[in-house]
Amino acid sequence: MLKIGVLVSGGGTNLQAIIDSIESGYIKNAEIVTVISSNPEAYALKRAEKHGISGICIRKRDFQGNEEFLKALEEHLESLGVELIVLAGFMTVLGKSFTEKYKNRIINIHPALIPSFCGDGFYGLKVHEAALEKGVKITGATVHFVNEETDGGPIILQKAVNVEDNDTPETLQRRVMEQAEWKIFPEAVKLISEGKIMVEGNKVRRLL
Ligand code: GRF
């Protein structure tokens, strides 16, 4: 059983998609052992509680510096034997030493087709605003391994979503979540838990 720690900051709909996929049996070889939030008010913590998953708030501002924060985070993850760290809307940058320590063991979901509309400053509605501003006809979501570069690690899965003429950032965000994020994030967890993902340099190979 792959032990997963999910890091969140907000609503937690992606966390919910993973919980649902485990409860339905779509994901068979993984369990969420902790949900860690950078925000004590995050609705994601309530979602965890409702499903009997223990949640905790570990936020940077409660520590003297970044090192102390990361140490606390690591200690918590290690104490539970977390093998895969899932960033599901986690709004704190983890930095080089952390991402190197957990190389190819941290995954993130980004609400665009990387390398479009990604990197520093592209988060939340800003991603969809930029896509509409550019006038792209197709956007989507990307699940990738996390390295020190924002949205820069090896790409695991991507799914395209159509942009409609009268979209607002909000309608586009919703469609990207429904049609792409809530599908490919659980799928990536499933594939990793079944040992079907191999990383070769910057490329991910899917084993049959
Ligand atoms: C999602 O759009 C995800 O792509 C991005 O942050 C948002 C989190 O939403 N990384 P939720 O908390 O899972 O509802």
# chains A, B, ... in the order shown; residues from 1 in each chain; ligands from 1
>>> residues_near_ligand(ligand="ligand 1", cutoff="10 Å", atoms="only C-alpha atoms and all ligand atoms", output="PyMOL selection string")
chain A and resi 7-18+42-44+87-91+108-112+122-125+127-128+140-143+151+173-174+176-177+180-182+185
>>> select_by_dssp(residues="stretch 30-85 of chain A", states="alpha helix (DSSP H)", output="list in words")
Tyr43, Ala44, Leu45, Lys46, Arg47, Ala48, Glu49, Lys50, Asn66, Glu67, Glu68, Phe69, Leu70, Lys71, Ala72, Leu73, Glu74, Glu75, His76, Leu77, Glu78 and Ser79 of chain A
>>> write_last_selection(atoms="N, CA, C and O atoms", output="compact mmCIF listing (two decimals), in the first residue's frame")
# COMPACT_ATOMS: atom_id res chain seq x y z
N TYR A 43 -10.99 24.40 3.56
CA TYR A 43 -12.10 23.45 3.53
C TYR A 43 -11.58 22.02 3.29
O TYR A 43 -12.20 21.04 3.71
N ALA A 44 -10.43 21.93 2.67
CA ALA A 44 -9.82 20.62 2.43
C ALA A 44 -9.66 19.84 3.74
O ALA A 44 -9.80 18.62 3.76
N LEU A 45 -9.36 20.52 4.83
CA LEU A 45 -9.20 19.84 6.13
C LEU A 45 -10.52 19.22 6.57
O LEU A 45 -10.55 18.13 7.16
N LYS A 46 -11.62 19.92 6.28
CA LYS A 46 -12.95 19.38 6.63
C LYS A 46 -13.25 18.15 5.79
O LYS A 46 -13.82 17.17 6.26
N ARG A 47 -12.88 18.22 4.51
CA ARG A 47 -13.10 17.06 3.64
C ARG A 47 -12.36 15.85 4.21
O ARG A 47 -12.90 14.74 4.24
N ALA A 48 -11.11 16.07 4.64
CA ALA A 48 -10.32 14.96 5.19
C ALA A 48 -11.04 14.39 6.42
O ALA A 48 -11.24 13.17 6.52
N GLU A 49 -11.45 15.27 7.31
CA GLU A 49 -12.12 14.85 8.55
C GLU A 49 -13.36 14.00 8.24
O GLU A 49 -13.58 12.95 8.86
N LYS A 50 -14.14 14.47 7.27
CA LYS A 50 -15.37 13.75 6.90
C LYS A 50 -15.10 12.32 6.46
O LYS A 50 -15.98 11.47 6.50
N ASN A 66 12.39 29.34 7.00
CA ASN A 66 12.02 28.29 6.05
C ASN A 66 12.58 26.92 6.45
O ASN A 66 11.91 25.90 6.32
N GLU A 67 13.82 26.95 6.97
CA GLU A 67 14.45 25.68 7.35
C GLU A 67 13.68 24.95 8.44
O GLU A 67 13.46 23.74 8.36
N GLU A 68 13.25 25.72 9.44
CA GLU A 68 12.50 25.13 10.56
C GLU A 68 11.16 24.58 10.05
O GLU A 68 10.71 23.52 10.45
N PHE A 69 10.54 25.37 9.15
CA PHE A 69 9.26 24.93 8.58
C PHE A 69 9.43 23.61 7.84
O PHE A 69 8.68 22.65 8.07
N LEU A 70 10.45 23.55 6.98
CA LEU A 70 10.65 22.33 6.18
C LEU A 70 11.02 21.14 7.06
O LEU A 70 10.64 20.00 6.79
N LYS A 71 11.75 21.43 8.16
CA LYS A 71 12.14 20.36 9.08
C LYS A 71 10.88 19.77 9.72
O LYS A 71 10.74 18.54 9.80
N ALA A 72 9.97 20.63 10.14
CA ALA A 72 8.72 20.16 10.76
C ALA A 72 7.90 19.35 9.76
O ALA A 72 7.34 18.30 10.10
N LEU A 73 7.86 19.84 8.54
CA LEU A 73 7.11 19.15 7.49
C LEU A 73 7.71 17.76 7.24
O LEU A 73 7.00 16.75 7.22
N GLU A 74 9.03 17.73 7.11
CA GLU A 74 9.72 16.46 6.87
C GLU A 74 9.51 15.49 8.02
O GLU A 74 9.25 14.30 7.81
N GLU A 75 9.63 16.00 9.25
CA GLU A 75 9.47 15.12 10.42
C GLU A 75 8.08 14.49 10.42
O GLU A 75 7.92 13.31 10.70
N HIS A 76 7.08 15.32 10.10
CA HIS A 76 5.71 14.81 10.07
C HIS A 76 5.56 13.72 8.99
O HIS A 76 5.02 12.65 9.25
N LEU A 77 6.07 14.01 7.81
CA LEU A 77 5.96 13.06 6.70
C LEU A 77 6.70 11.76 7.02
O LEU A 77 6.19 10.66 6.79
N GLU A 78 7.91 11.90 7.59
CA GLU A 78 8.71 10.72 7.90
C GLU A 78 8.05 9.89 9.01
O GLU A 78 8.07 8.67 8.98
N SER A 79 7.47 10.58 9.99
CA SER A 79 6.88 9.85 11.13
C SER A 79 5.74 8.94 10.66
O SER A 79 5.43 7.94 11.30
>>> residues_around(residues="A:Ser97", least_positions_apart="2", cutoff="10 Å", atoms="only C-alpha atoms", output="PyMOL selection string")
chain A and resi 67+70+94-95+99-103+147-148
>>> write_last_selection(atoms="all heavy atoms", output="PDB file, in the first residue's frame")
ATOM      1  N   GLU A  67      13.821  26.950   6.973  1.00  0.00           N
ATOM      2  CA  GLU A  67      14.453  25.677   7.349  1.00  0.00           C
ATOM      3  C   GLU A  67      13.675  24.954   8.437  1.00  0.00           C
ATOM      4  O   GLU A  67      13.456  23.742   8.361  1.00  0.00           O
ATOM      5  CB  GLU A  67      15.867  25.945   7.856  1.00  0.00           C
ATOM      6  CG  GLU A  67      16.922  25.367   6.947  1.00  0.00           C
ATOM      7  CD  GLU A  67      18.312  25.724   7.414  1.00  0.00           C
ATOM      8  OE1 GLU A  67      18.701  25.266   8.504  1.00  0.00           O
ATOM      9  OE2 GLU A  67      18.983  26.482   6.693  1.00  0.00           O
ATOM     10  N   LEU A  70      10.449  23.546   6.978  1.00  0.00           N
ATOM     11  CA  LEU A  70      10.652  22.331   6.184  1.00  0.00           C
ATOM     12  C   LEU A  70      11.021  21.140   7.062  1.00  0.00           C
ATOM     13  O   LEU A  70      10.642  20.005   6.789  1.00  0.00           O
ATOM     14  CB  LEU A  70      11.731  22.565   5.119  1.00  0.00           C
ATOM     15  CG  LEU A  70      11.316  23.510   3.984  1.00  0.00           C
ATOM     16  CD1 LEU A  70      12.459  23.725   3.015  1.00  0.00           C
ATOM     17  CD2 LEU A  70      10.096  22.974   3.235  1.00  0.00           C
ATOM     18  N   LEU A  94       8.255  24.891  -2.000  1.00  0.00           N
ATOM     19  CA  LEU A  94       9.016  24.004  -1.115  1.00  0.00           C
ATOM     20  C   LEU A  94      10.532  24.162  -1.237  1.00  0.00           C
ATOM     21  O   LEU A  94      11.256  23.867  -0.294  1.00  0.00           O
ATOM     22  CB  LEU A  94       8.605  22.553  -1.370  1.00  0.00           C
ATOM     23  CG  LEU A  94       7.176  22.246  -0.901  1.00  0.00           C
ATOM     24  CD1 LEU A  94       6.716  20.901  -1.421  1.00  0.00           C
ATOM     25  CD2 LEU A  94       7.066  22.308   0.616  1.00  0.00           C
ATOM     26  N   GLY A  95      11.021  24.595  -2.371  1.00  0.00           N
ATOM     27  CA  GLY A  95      12.453  24.871  -2.501  1.00  0.00           C
ATOM     28  C   GLY A  95      13.300  23.660  -2.873  1.00  0.00           C
ATOM     29  O   GLY A  95      12.851  22.518  -2.836  1.00  0.00           O
ATOM     30  N   THR A  99      12.792  19.481  -2.613  1.00  0.00           N
ATOM     31  CA  THR A  99      12.426  18.758  -3.843  1.00  0.00           C
ATOM     32  C   THR A  99      13.520  17.768  -4.256  1.00  0.00           C
ATOM     33  O   THR A  99      13.226  16.734  -4.848  1.00  0.00           O
ATOM     34  CB  THR A  99      12.114  19.727  -5.009  1.00  0.00           C
ATOM     35  OG1 THR A  99      13.213  20.611  -5.194  1.00  0.00           O
ATOM     36  CG2 THR A  99      10.854  20.521  -4.743  1.00  0.00           C
ATOM     37  N   GLU A 100      14.772  18.065  -3.897  1.00  0.00           N
ATOM     38  CA  GLU A 100      15.841  17.110  -4.218  1.00  0.00           C
ATOM     39  C   GLU A 100      15.762  15.892  -3.319  1.00  0.00           C
ATOM     40  O   GLU A 100      15.966  14.762  -3.746  1.00  0.00           O
ATOM     41  CB  GLU A 100      17.211  17.780  -4.120  1.00  0.00           C
ATOM     42  CG  GLU A 100      17.540  18.440  -5.441  1.00  0.00           C
ATOM     43  CD  GLU A 100      18.859  19.182  -5.456  1.00  0.00           C
ATOM     44  OE1 GLU A 100      19.580  19.165  -4.435  1.00  0.00           O
ATOM     45  OE2 GLU A 100      19.147  19.794  -6.497  1.00  0.00           O
ATOM     46  N   LYS A 101      15.458  16.146  -2.053  1.00  0.00           N
ATOM     47  CA  LYS A 101      15.337  15.024  -1.107  1.00  0.00           C
ATOM     48  C   LYS A 101      14.224  14.059  -1.544  1.00  0.00           C
ATOM     49  O   LYS A 101      14.360  12.848  -1.420  1.00  0.00           O
ATOM     50  CB  LYS A 101      15.047  15.566   0.288  1.00  0.00           C
ATOM     51  CG  LYS A 101      14.823  14.484   1.292  1.00  0.00           C
ATOM     52  CD  LYS A 101      14.881  14.926   2.718  1.00  0.00           C
ATOM     53  CE  LYS A 101      14.699  13.669   3.575  1.00  0.00           C
ATOM     54  NZ  LYS A 101      14.690  13.884   4.963  1.00  0.00           N
ATOM     55  N   TYR A 102      13.137  14.626  -2.031  1.00  0.00           N
ATOM     56  CA  TYR A 102      11.994  13.791  -2.436  1.00  0.00           C
ATOM     57  C   TYR A 102      11.876  13.700  -3.958  1.00  0.00           C
ATOM     58  O   TYR A 102      10.779  13.710  -4.507  1.00  0.00           O
ATOM     59  CB  TYR A 102      10.703  14.342  -1.826  1.00  0.00           C
ATOM     60  CG  TYR A 102      10.660  14.226  -0.321  1.00  0.00           C
ATOM     61  CD1 TYR A 102      11.022  15.288   0.484  1.00  0.00           C
ATOM     62  CD2 TYR A 102      10.267  13.039   0.289  1.00  0.00           C
ATOM     63  CE1 TYR A 102      11.003  15.189   1.879  1.00  0.00           C
ATOM     64  CE2 TYR A 102      10.235  12.921   1.663  1.00  0.00           C
ATOM     65  CZ  TYR A 102      10.608  14.001   2.453  1.00  0.00           C
ATOM     66  OH  TYR A 102      10.588  13.881   3.815  1.00  0.00           O
ATOM     67  N   LYS A 103      13.015  13.613  -4.621  1.00  0.00           N
ATOM     68  CA  LYS A 103      13.015  13.584  -6.090  1.00  0.00           C
ATOM     69  C   LYS A 103      12.112  12.462  -6.639  1.00  0.00           C
ATOM     70  O   LYS A 103      12.195  11.312  -6.194  1.00  0.00           O
ATOM     71  CB  LYS A 103      14.446  13.368  -6.588  1.00  0.00           C
ATOM     72  CG  LYS A 103      14.582  13.623  -8.051  1.00  0.00           C
ATOM     73  CD  LYS A 103      16.012  13.621  -8.507  1.00  0.00           C
ATOM     74  CE  LYS A 103      16.004  13.836 -10.007  1.00  0.00           C
ATOM     75  NZ  LYS A 103      17.133  13.278 -10.669  1.00  0.00           N
ATOM     76  N   ASN A 147      10.138  19.530  -9.270  1.00  0.00           N
ATOM     77  CA  ASN A 147      11.549  19.815  -8.981  1.00  0.00           C
ATOM     78  C   ASN A 147      11.648  21.273  -8.528  1.00  0.00           C
ATOM     79  O   ASN A 147      10.622  21.895  -8.236  1.00  0.00           O
ATOM     80  CB  ASN A 147      12.431  19.508 -10.206  1.00  0.00           C
ATOM     81  CG  ASN A 147      12.086  20.362 -11.406  1.00  0.00           C
ATOM     82  OD1 ASN A 147      11.372  21.357 -11.291  1.00  0.00           O
ATOM     83  ND2 ASN A 147      12.594  19.981 -12.566  1.00  0.00           N
ATOM     84  N   GLU A 148      12.860  21.813  -8.458  1.00  0.00           N
ATOM     85  CA  GLU A 148      13.002  23.147  -7.857  1.00  0.00           C
ATOM     86  C   GLU A 148      12.397  24.259  -8.728  1.00  0.00           C
ATOM     87  O   GLU A 148      12.093  25.334  -8.251  1.00  0.00           O
ATOM     88  CB  GLU A 148      14.464  23.445  -7.505  1.00  0.00           C
ATOM     89  CG  GLU A 148      15.381  23.783  -8.677  1.00  0.00           C
ATOM     90  CD  GLU A 148      15.994  22.548  -9.306  1.00  0.00           C
ATOM     91  OE1 GLU A 148      15.488  21.423  -9.076  1.00  0.00           O
ATOM     92  OE2 GLU A 148      16.980  22.702 -10.048  1.00  0.00           O
TER      93      GLU A 148
END
>>> closest_residue(among="A:Gly201, A:Pro186, A:Pro40, A:Gly81", to="A:Leu2", atoms="only C-alpha atoms")
A:Gly81
>>> closest_atom_pairs(of="stretch 78-186 of chain A", to="stretch 195-198 of chain A", cutoff="12 Å", atoms="only C-alpha atoms", output="JSON lines")
{"residue": "A:Asn104", "atom": "CA", "partner": "A:Met198", "partner_atom": "CA", "distance": 9.5}
{"residue": "A:Arg105", "atom": "CA", "partner": "A:Ile197", "partner_atom": "CA", "distance": 11.3}
{"residue": "A:His144", "atom": "CA", "partner": "A:Ile197", "partner_atom": "CA", "distance": 11.5}
{"residue": "A:Phe145", "atom": "CA", "partner": "A:Ile197", "partner_atom": "CA", "distance": 11.0}
{"residue": "A:Pro154", "atom": "CA", "partner": "A:Met198", "partner_atom": "CA", "distance": 10.4}
{"residue": "A:Ile155", "atom": "CA", "partner": "A:Ile197", "partner_atom": "CA", "distance": 10.8}
{"residue": "A:Ile156", "atom": "CA", "partner": "A:Ile197", "partner_atom": "CA", "distance": 7.9}
{"residue": "A:Leu157", "atom": "CA", "partner": "A:Ile197", "partner_atom": "CA", "distance": 10.4}
>>> residues_around(residues="stretch 28-33 of chain A", least_positions_apart="4", cutoff="10 Å", atoms="only C-alpha atoms", output="ChimeraX atom specification")
/A:1-6,15,18-19,21-24,48,53-55,77,80-86,189-195
>>> select_by_dssp(residues="stretch 141-208 of chain A", states="strand (DSSP E or B)", output="CSV table (one decimal) with all heavy atoms, in the first residue's frame")
chain,number,residue,atom,x,y,z
A,141,ALA,N,-5.0,20.5,-18.3
A,141,ALA,CA,-4.3,20.3,-17.0
A,141,ALA,C,-3.1,19.4,-17.2
A,141,ALA,O,-3.1,18.6,-18.1
A,141,ALA,CB,-5.3,19.8,-15.9
A,142,THR,N,-2.2,19.5,-16.3
A,142,THR,CA,-1.0,18.7,-16.3
A,142,THR,C,-0.6,18.2,-14.9
A,142,THR,O,-0.6,18.9,-14.0
A,142,THR,CB,0.2,19.6,-16.8
A,142,THR,OG1,-0.1,20.2,-18.0
A,142,THR,CG2,1.5,18.8,-16.8
A,143,VAL,N,-0.3,16.9,-14.8
A,143,VAL,CA,0.2,16.3,-13.6
A,143,VAL,C,1.7,16.1,-13.8
A,143,VAL,O,2.1,15.5,-14.9
A,143,VAL,CB,-0.4,15.0,-13.2
A,143,VAL,CG1,0.2,14.5,-11.9
A,143,VAL,CG2,-1.9,15.1,-13.1
A,144,HIS,N,2.5,16.6,-12.9
A,144,HIS,CA,4.0,16.5,-13.1
A,144,HIS,C,4.7,16.2,-11.8
A,144,HIS,O,4.2,16.5,-10.7
A,144,HIS,CB,4.5,17.7,-13.8
A,144,HIS,CG,4.4,19.0,-13.0
A,144,HIS,ND1,5.4,19.5,-12.1
A,144,HIS,CD2,3.3,19.8,-12.8
A,144,HIS,CE1,4.9,20.5,-11.5
A,144,HIS,NE2,3.7,20.8,-11.9
A,145,PHE,N,5.9,15.6,-11.9
A,145,PHE,CA,6.7,15.5,-10.8
A,145,PHE,C,7.3,16.9,-10.5
A,145,PHE,O,7.4,17.8,-11.4
A,145,PHE,CB,7.9,14.6,-11.0
A,145,PHE,CG,7.5,13.1,-11.0
A,145,PHE,CD1,7.4,12.4,-12.1
A,145,PHE,CD2,7.1,12.5,-9.8
A,145,PHE,CE1,7.0,11.0,-12.1
A,145,PHE,CE2,6.7,11.2,-9.7
A,145,PHE,CZ,6.6,10.4,-10.9
A,155,ILE,N,6.7,15.6,-16.9
A,155,ILE,CA,5.3,15.5,-17.1
A,155,ILE,C,4.8,14.1,-17.0
A,155,ILE,O,5.3,13.2,-17.8
A,155,ILE,CB,4.9,16.2,-18.4
A,155,ILE,CG1,5.1,17.7,-18.2
A,155,ILE,CG2,3.4,16.0,-18.7
A,155,ILE,CD1,5.0,18.5,-19.5
A,156,ILE,N,3.8,13.8,-16.2
A,156,ILE,CA,3.2,12.5,-16.1
A,156,ILE,C,2.0,12.3,-17.0
A,156,ILE,O,1.9,11.4,-17.8
A,156,ILE,CB,2.8,12.2,-14.6
A,156,ILE,CG1,4.1,12.4,-13.7
A,156,ILE,CG2,2.3,10.7,-14.5
A,156,ILE,CD1,3.7,12.4,-12.2
A,157,LEU,N,1.0,13.2,-16.9
A,157,LEU,CA,-0.2,13.1,-17.7
A,157,LEU,C,-0.7,14.5,-18.0
A,157,LEU,O,-0.5,15.5,-17.2
A,157,LEU,CB,-1.3,12.4,-16.9
A,157,LEU,CG,-1.2,10.9,-16.5
A,157,LEU,CD1,-2.4,10.5,-15.6
A,157,LEU,CD2,-1.2,10.1,-17.8
A,158,GLN,N,-1.3,14.6,-19.2
A,158,GLN,CA,-1.9,15.9,-19.6
A,158,GLN,C,-3.3,15.6,-20.2
A,158,GLN,O,-3.4,14.5,-20.8
A,158,GLN,CB,-1.1,16.7,-20.6
A,158,GLN,CG,0.2,17.2,-20.0
A,158,GLN,CD,1.0,18.1,-20.9
A,158,GLN,OE1,1.4,17.7,-22.0
A,158,GLN,NE2,1.2,19.3,-20.5
A,159,LYS,N,-4.2,16.5,-20.0
A,159,LYS,CA,-5.5,16.3,-20.7
A,159,LYS,C,-6.0,17.7,-21.2
A,159,LYS,O,-5.9,18.7,-20.5
A,159,LYS,CB,-6.5,15.7,-19.7
A,159,LYS,CG,-7.8,15.3,-20.4
A,159,LYS,CD,-8.7,14.4,-19.5
A,159,LYS,CE,-9.8,13.7,-20.3
A,159,LYS,NZ,-10.8,14.6,-20.9
A,160,ALA,N,-6.4,17.7,-22.5
A,160,ALA,CA,-6.8,18.9,-23.1
A,160,ALA,C,-8.3,19.2,-22.8
A,160,ALA,O,-9.1,18.3,-22.7
A,160,ALA,CB,-6.6,18.8,-24.6
A,161,VAL,N,-8.6,20.5,-22.8
A,161,VAL,CA,-10.0,20.9,-22.6
A,161,VAL,C,-10.3,22.1,-23.5
A,161,VAL,O,-9.4,23.0,-23.7
A,161,VAL,CB,-10.2,21.4,-21.1
A,161,VAL,CG1,-11.6,22.1,-20.9
A,161,VAL,CG2,-10.0,20.3,-20.1
A,162,ASN,N,-11.5,22.1,-24.2
A,162,ASN,CA,-11.8,23.2,-25.1
A,162,ASN,C,-12.1,24.5,-24.4
A,162,ASN,O,-12.7,24.5,-23.3
A,162,ASN,CB,-13.0,22.8,-25.9
A,162,ASN,CG,-12.7,21.8,-27.0
A,162,ASN,OD1,-11.6,21.7,-27.4
A,162,ASN,ND2,-13.7,21.0,-27.4
A,197,ILE,N,4.9,3.9,-13.6
A,197,ILE,CA,5.5,5.1,-14.1
A,197,ILE,C,7.0,5.1,-13.9
A,197,ILE,O,7.5,4.8,-12.8
A,197,ILE,CB,4.9,6.3,-13.2
A,197,ILE,CG1,3.4,6.6,-13.5
A,197,ILE,CG2,5.7,7.6,-13.5
A,197,ILE,CD1,3.1,7.0,-14.9
A,198,MET,N,7.7,5.3,-15.0
A,198,MET,CA,9.2,5.3,-14.9
A,198,MET,C,9.7,6.6,-15.3
A,198,MET,O,9.3,7.1,-16.4
A,198,MET,CB,9.7,4.2,-15.7
A,198,MET,CG,10.8,3.4,-15.1
A,198,MET,SD,11.3,2.0,-16.1
A,198,MET,CE,12.5,2.8,-17.1
A,199,VAL,N,10.6,7.2,-14.6
A,199,VAL,CA,11.2,8.5,-15.0
A,199,VAL,C,12.6,8.3,-15.6
A,199,VAL,O,13.4,7.6,-15.0
A,199,VAL,CB,11.3,9.4,-13.8
A,199,VAL,CG1,11.7,10.8,-14.2
A,199,VAL,CG2,10.0,9.5,-13.0
A,200,GLU,N,12.7,8.8,-16.8
A,200,GLU,CA,14.1,8.7,-17.4
A,200,GLU,C,14.5,10.1,-17.8
A,200,GLU,O,14.0,10.7,-18.7
A,200,GLU,CB,14.0,7.9,-18.7
A,200,GLU,CG,13.7,6.4,-18.5
A,200,GLU,CD,13.4,5.6,-19.7
A,200,GLU,OE1,13.0,6.2,-20.7
A,200,GLU,OE2,13.5,4.4,-19.7
A,203,LYS,N,11.9,12.8,-18.9
A,203,LYS,CA,10.7,12.1,-19.5
A,203,LYS,C,10.1,11.0,-18.6
A,203,LYS,O,10.9,10.3,-18.0
A,203,LYS,CB,11.1,11.5,-20.8
A,203,LYS,CG,11.2,12.6,-21.9
A,203,LYS,CD,11.3,11.9,-23.3
A,203,LYS,CE,11.7,13.0,-24.3
A,203,LYS,NZ,12.4,12.4,-25.4
A,204,VAL,N,8.8,10.9,-18.7
A,204,VAL,CA,8.1,9.9,-18.0
A,204,VAL,C,7.7,8.8,-19.0
A,204,VAL,O,7.1,9.2,-20.0
A,204,VAL,CB,6.9,10.5,-17.2
A,204,VAL,CG1,6.0,9.4,-16.7
A,204,VAL,CG2,7.4,11.3,-16.0
A,205,ARG,N,8.0,7.6,-18.6
A,205,ARG,CA,7.5,6.5,-19.5
A,205,ARG,C,6.5,5.7,-18.7
A,205,ARG,O,6.6,5.5,-17.5
A,205,ARG,CB,8.7,5.6,-19.8
A,205,ARG,CG,8.4,4.7,-21.0
A,205,ARG,CD,9.7,4.4,-21.8
A,205,ARG,NE,10.7,3.7,-20.9
A,205,ARG,CZ,10.6,2.3,-20.9
A,205,ARG,NH1,9.8,1.6,-21.6
A,205,ARG,NH2,11.5,1.7,-20.1
A,206,ARG,N,5.4,5.4,-19.4
A,206,ARG,CA,4.3,4.7,-18.8
A,206,ARG,C,4.4,3.2,-19.1
A,206,ARG,O,4.5,2.8,-20.3
A,206,ARG,CB,3.0,5.2,-19.4
A,206,ARG,CG,1.8,4.8,-18.6
A,206,ARG,CD,0.6,5.7,-19.1
A,206,ARG,NE,-0.6,4.9,-18.8
A,206,ARG,CZ,-1.8,5.4,-19.0
A,206,ARG,NH1,-2.0,6.6,-19.4
A,206,ARG,NH2,-2.8,4.7,-18.7
>>> atom_distance(atom1="atom CA of A:Val146", atom2="atom CA of A:Thr168")
29.0 Å
